[in-house]
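Q: Next comes coords_26.txt, compact mmCIF, N, CA and C atoms:
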```
# COMPACT_ATOMS: atom_id res chain seq x y z
N MET A 1 5.63 -40.69 29.80
CA MET A 1 6.75 -39.81 29.54
C MET A 1 6.50 -38.49 30.27
N SER A 2 7.52 -37.87 30.74
CA SER A 2 7.37 -36.68 31.56
C SER A 2 7.24 -35.38 30.75
N ILE A 3 7.53 -35.41 29.47
CA ILE A 3 7.32 -34.23 28.62
C ILE A 3 6.04 -34.45 27.82
N ARG A 4 5.12 -33.53 27.94
CA ARG A 4 3.85 -33.61 27.22
C ARG A 4 3.83 -32.52 26.15
N ILE A 5 3.21 -32.83 25.03
CA ILE A 5 3.04 -31.87 23.95
C ILE A 5 1.57 -31.47 23.92
N ASN A 6 1.31 -30.22 24.21
CA ASN A 6 -0.07 -29.71 24.28
C ASN A 6 -0.52 -29.16 22.93
N LEU A 7 -0.25 -29.90 21.89
CA LEU A 7 -0.58 -29.46 20.54
C LEU A 7 -2.08 -29.38 20.32
N ASP A 8 -2.82 -30.33 20.85
CA ASP A 8 -4.26 -30.33 20.66
C ASP A 8 -4.90 -29.09 21.28
N VAL A 9 -4.40 -28.66 22.42
CA VAL A 9 -4.92 -27.45 23.09
C VAL A 9 -4.67 -26.22 22.22
N MET A 10 -3.45 -26.09 21.72
CA MET A 10 -3.10 -24.92 20.91
C MET A 10 -3.85 -24.93 19.58
N MET A 11 -4.05 -26.10 19.00
CA MET A 11 -4.80 -26.19 17.75
C MET A 11 -6.26 -25.78 17.97
N ALA A 12 -6.84 -26.17 19.09
CA ALA A 12 -8.22 -25.79 19.39
C ALA A 12 -8.32 -24.28 19.60
N ARG A 13 -7.35 -23.71 20.28
CA ARG A 13 -7.36 -22.24 20.50
C ARG A 13 -7.26 -21.47 19.19
N ARG A 14 -6.52 -22.03 18.23
CA ARG A 14 -6.30 -21.36 16.94
C ARG A 14 -7.31 -21.78 15.88
N HIS A 15 -8.20 -22.71 16.24
CA HIS A 15 -9.23 -23.20 15.32
C HIS A 15 -8.61 -23.70 14.00
N ILE A 16 -7.65 -24.60 14.13
CA ILE A 16 -6.99 -25.15 12.95
C ILE A 16 -7.08 -26.68 12.99
N ALA A 17 -7.41 -27.27 11.87
CA ALA A 17 -7.54 -28.72 11.77
C ALA A 17 -6.16 -29.36 11.59
N ALA A 18 -6.07 -30.62 11.98
CA ALA A 18 -4.80 -31.33 11.90
C ALA A 18 -4.27 -31.43 10.47
N GLY A 19 -5.13 -31.74 9.53
CA GLY A 19 -4.70 -31.85 8.14
C GLY A 19 -4.14 -30.55 7.60
N GLU A 20 -4.81 -29.46 7.92
CA GLU A 20 -4.33 -28.15 7.46
C GLU A 20 -2.99 -27.80 8.09
N LEU A 21 -2.85 -28.04 9.39
CA LEU A 21 -1.59 -27.73 10.08
C LEU A 21 -0.46 -28.60 9.54
N ALA A 22 -0.73 -29.88 9.32
CA ALA A 22 0.29 -30.78 8.78
C ALA A 22 0.78 -30.28 7.42
N GLU A 23 -0.15 -29.85 6.58
CA GLU A 23 0.22 -29.34 5.26
C GLU A 23 1.05 -28.07 5.38
N ARG A 24 0.65 -27.17 6.26
CA ARG A 24 1.37 -25.90 6.44
C ARG A 24 2.80 -26.09 6.91
N ILE A 25 3.03 -27.09 7.78
CA ILE A 25 4.38 -27.26 8.32
C ILE A 25 5.19 -28.31 7.58
N GLY A 26 4.56 -29.01 6.64
CA GLY A 26 5.29 -29.94 5.79
C GLY A 26 5.57 -31.30 6.42
N ILE A 27 4.64 -31.81 7.24
CA ILE A 27 4.78 -33.17 7.74
C ILE A 27 3.50 -33.93 7.41
N THR A 28 3.55 -35.23 7.54
CA THR A 28 2.37 -36.03 7.23
C THR A 28 1.35 -35.91 8.36
N PRO A 29 0.07 -36.06 8.03
CA PRO A 29 -0.94 -36.06 9.09
C PRO A 29 -0.68 -37.15 10.14
N ALA A 30 -0.12 -38.29 9.71
CA ALA A 30 0.19 -39.37 10.66
C ALA A 30 1.25 -38.92 11.67
N ASN A 31 2.28 -38.23 11.20
CA ASN A 31 3.32 -37.76 12.11
C ASN A 31 2.79 -36.66 13.03
N LEU A 32 1.92 -35.82 12.53
CA LEU A 32 1.31 -34.80 13.38
C LEU A 32 0.46 -35.46 14.46
N SER A 33 -0.23 -36.52 14.09
CA SER A 33 -1.05 -37.26 15.05
C SER A 33 -0.19 -37.85 16.16
N ILE A 34 0.99 -38.36 15.81
CA ILE A 34 1.90 -38.90 16.82
C ILE A 34 2.29 -37.81 17.81
N LEU A 35 2.58 -36.62 17.32
CA LEU A 35 2.90 -35.50 18.21
C LEU A 35 1.69 -35.12 19.06
N LYS A 36 0.56 -35.00 18.42
CA LYS A 36 -0.66 -34.56 19.09
C LYS A 36 -1.10 -35.52 20.19
N ASN A 37 -0.86 -36.80 20.01
CA ASN A 37 -1.29 -37.82 20.96
C ASN A 37 -0.20 -38.21 21.95
N ASN A 38 0.87 -37.40 22.02
CA ASN A 38 1.97 -37.63 22.96
C ASN A 38 2.61 -39.00 22.82
N LYS A 39 2.74 -39.47 21.59
CA LYS A 39 3.39 -40.75 21.33
C LYS A 39 4.81 -40.55 20.79
N ALA A 40 5.22 -39.30 20.55
CA ALA A 40 6.53 -39.02 19.97
C ALA A 40 7.63 -39.22 21.01
N LYS A 41 8.75 -39.76 20.56
CA LYS A 41 9.93 -39.91 21.41
C LYS A 41 10.85 -38.70 21.29
N ALA A 42 10.71 -37.94 20.21
CA ALA A 42 11.55 -36.77 19.96
C ALA A 42 10.82 -35.82 19.02
N VAL A 43 11.25 -34.58 19.03
CA VAL A 43 10.70 -33.57 18.12
C VAL A 43 11.88 -32.80 17.54
N ARG A 44 11.94 -32.70 16.24
CA ARG A 44 12.99 -31.90 15.60
C ARG A 44 12.75 -30.42 15.90
N PHE A 45 13.84 -29.70 16.09
CA PHE A 45 13.70 -28.26 16.32
C PHE A 45 13.05 -27.58 15.13
N SER A 46 13.32 -28.06 13.92
CA SER A 46 12.71 -27.45 12.73
C SER A 46 11.19 -27.65 12.75
N THR A 47 10.73 -28.81 13.23
CA THR A 47 9.29 -29.07 13.34
C THR A 47 8.69 -28.21 14.43
N LEU A 48 9.38 -28.09 15.57
CA LEU A 48 8.90 -27.25 16.66
C LEU A 48 8.82 -25.80 16.21
N ALA A 49 9.83 -25.33 15.49
CA ALA A 49 9.82 -23.96 14.98
C ALA A 49 8.66 -23.74 14.01
N ALA A 50 8.40 -24.70 13.14
CA ALA A 50 7.30 -24.58 12.18
C ALA A 50 5.96 -24.57 12.90
N LEU A 51 5.81 -25.39 13.93
CA LEU A 51 4.57 -25.39 14.72
C LEU A 51 4.37 -24.03 15.38
N CYS A 52 5.42 -23.49 15.98
CA CYS A 52 5.32 -22.18 16.63
C CYS A 52 4.98 -21.08 15.63
N ARG A 53 5.59 -21.16 14.45
CA ARG A 53 5.33 -20.16 13.40
C ARG A 53 3.86 -20.20 12.99
N GLU A 54 3.35 -21.37 12.71
CA GLU A 54 1.97 -21.50 12.22
C GLU A 54 0.92 -21.28 13.29
N LEU A 55 1.25 -21.60 14.54
CA LEU A 55 0.28 -21.45 15.62
C LEU A 55 0.45 -20.12 16.37
N GLY A 56 1.48 -19.36 16.01
CA GLY A 56 1.71 -18.06 16.66
C GLY A 56 1.96 -18.21 18.15
N CYS A 57 2.85 -19.13 18.51
CA CYS A 57 3.11 -19.38 19.93
C CYS A 57 4.60 -19.59 20.18
N GLN A 58 4.94 -19.83 21.41
CA GLN A 58 6.30 -20.12 21.83
C GLN A 58 6.43 -21.61 22.14
N PRO A 59 7.65 -22.17 22.11
CA PRO A 59 7.82 -23.58 22.44
C PRO A 59 7.23 -23.95 23.80
N GLY A 60 7.34 -23.08 24.77
CA GLY A 60 6.79 -23.33 26.09
C GLY A 60 5.27 -23.43 26.12
N ASP A 61 4.61 -22.91 25.08
CA ASP A 61 3.16 -23.05 24.98
C ASP A 61 2.78 -24.47 24.56
N LEU A 62 3.70 -25.15 23.89
CA LEU A 62 3.44 -26.49 23.38
C LEU A 62 3.98 -27.59 24.27
N LEU A 63 5.09 -27.33 24.96
CA LEU A 63 5.76 -28.35 25.75
C LEU A 63 5.53 -28.13 27.23
N GLU A 64 5.31 -29.22 27.95
CA GLU A 64 5.05 -29.16 29.39
C GLU A 64 5.76 -30.32 30.07
N TYR A 65 6.40 -30.05 31.20
CA TYR A 65 7.05 -31.09 31.99
C TYR A 65 6.12 -31.52 33.11
N ARG A 66 5.88 -32.81 33.20
CA ARG A 66 5.12 -33.40 34.31
C ARG A 66 5.91 -34.59 34.82
N PRO A 67 6.32 -34.57 36.08
CA PRO A 67 7.10 -35.71 36.59
C PRO A 67 6.28 -37.01 36.56
N ASP A 68 6.94 -38.08 36.17
CA ASP A 68 6.31 -39.40 36.24
C ASP A 68 6.21 -39.80 37.70
N GLU A 69 5.33 -40.73 37.98
CA GLU A 69 5.15 -41.18 39.37
C GLU A 69 6.44 -41.77 39.94
N GLU A 70 7.19 -42.50 39.12
CA GLU A 70 8.43 -43.10 39.61
C GLU A 70 9.54 -42.08 39.81
N GLU A 71 9.41 -40.87 39.21
CA GLU A 71 10.39 -39.81 39.38
C GLU A 71 10.16 -39.01 40.66
N THR A 72 8.95 -39.04 41.18
CA THR A 72 8.61 -38.27 42.37
C THR A 72 9.26 -38.89 43.60
N PRO A 73 9.98 -38.07 44.42
CA PRO A 73 10.64 -38.61 45.60
C PRO A 73 9.66 -39.05 46.67
```
Can the structure in the file be given as structure tokens, please?

A:
Amino acid sequence: MSIRINLDVMMARRHIAAGELAERIGITPANLSILKNNKAKAVRFSTLAALCRELGCQPGDLLEYRPDEEETP
């Protein structure tokens, strides 16, 4: 997928564990793991906002566009 979620990087910078972050934003650790491992097909804006609030960052700090090989001309 061409959109990557750099959640693991931001969590390491903020020294926060996955379980604690999941509890703070109100999602299950399993769903946070899906986001963290770039397996998510979509992210709710409310979840993105909660992540930004708890991690003290902007959406652009978490989301990154990387073209897939088949997208490259």

Q: From the list A:Leu55, A:Asp61, A:Leu7, A:Arg66, which residue is nearest Arg24 in chain A when using only C-alpha atoms?

A: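 So, comparing all the options, the nearest one is A:Leu55.
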
Q: Which is closest to Ser33 in chain A among A:Cys57, A:Ala18, A:Pro67, A:Arg4, if we use all atoms listed in the file?

A: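 Going through A:Cys57, A:Ala18, A:Pro67, A:Arg4 one by one, the smallest distance to Ser33 in chain A is for A:Ala18.
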
Q: Would you mind telling me which residue in A:Gly56, A:Tyr65, A:Asn6, A:Leu51 lies nearest to Ile25 in chain A when using all atoms listed in the file?

A: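 Smallest separation from Ile25 in chain A among the options: A:Leu51.
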
Q: Can you list every residue in chain A that DSSP puts in strand (DSSP E or B), as an NGL selection string?

A: :A and (3-5 or 63-65)

Q: Which is closest to Asn38 in chain A among A:Leu62, A:Ile5, A:Cys52, A:Ile16, if we use all atoms listed in the file?

A: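 Going through A:Leu62, A:Ile5, A:Cys52, A:Ile16 one by one, the smallest distance to Asn38 in chain A is for A:Ile5.
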
Q: Which residue out of A:Lys36, A:Thr28, A:Glu23, A:Glu54 has the minimum interatomic distance to Asp8 in chain A when all atoms listed in the file are used?

A: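 Of the candidates, the smallest distance to Asp8 in chain A is held by A:Lys36.
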
Q: Choose the residue, out of A:Ile27, A:Leu63, A:Ile3, A:Asp68, that has the smallest atom-to-atom separation from Ala50 in chain A; count only C-alpha atoms.

A: A:Ile27

Q: Suppose you want the space between CA of Gly60 in chain A and CA of Met10 in chain A; what is it in Å?

A: 11.3 Å

Q: Please extract the residues of chain A with a backbone DSSP assignment of alpha helix (DSSP H) and present them as a PyMOL selection string.

A: chain A and resi 7-14+18-25+29-36+45-55+59-62

Q: Give me, please, the distance in Å between CA of Arg13 in chain A and CA of Glu69 in chain A, quoted to one decimal.

A: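 About the pair CA of Arg13 in chain A and CA of Glu69 in chain A: they are 29.5 Å apart.
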
Q: One decimal, Å: what's the distance from CA of Leu35 in chain A over to CA of His15 in chain A, could you say?

A: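 Taking CA of Leu35 in chain A and CA of His15 in chain A, their separation equals 17.5 Å.
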
Q: Once you count all atoms listed in the file, which residues end up no further than 7 Å from (11.2, -24.8, 20.6) in the file's frame, shown as JSON, numbers by chain?

A: {"A": [45, 48, 49, 58, 59, 60]}

Q: Kindly export the residues of the current selection with N, CA and C atoms, as a short mmCIF file (atom, residue, chain, number, x, y, z; two decimals), in the frame of the given file.

A:
```
data_model
loop_
_atom_site.label_atom_id
_atom_site.label_comp_id
_atom_site.auth_asym_id
_atom_site.auth_seq_id
_atom_site.Cartn_x
_atom_site.Cartn_y
_atom_site.Cartn_z
N PHE A 45 13.84 -29.70 16.09
CA PHE A 45 13.70 -28.26 16.32
C PHE A 45 13.05 -27.58 15.13
N LEU A 48 9.38 -28.09 15.57
CA LEU A 48 8.90 -27.25 16.66
C LEU A 48 8.82 -25.80 16.21
N ALA A 49 9.83 -25.33 15.49
CA ALA A 49 9.82 -23.96 14.98
C ALA A 49 8.66 -23.74 14.01
N GLN A 58 4.94 -19.83 21.41
CA GLN A 58 6.30 -20.12 21.83
C GLN A 58 6.43 -21.61 22.14
N PRO A 59 7.65 -22.17 22.11
CA PRO A 59 7.82 -23.58 22.44
C PRO A 59 7.23 -23.95 23.80
N GLY A 60 7.34 -23.08 24.77
CA GLY A 60 6.79 -23.33 26.09
C GLY A 60 5.27 -23.43 26.12
#
```
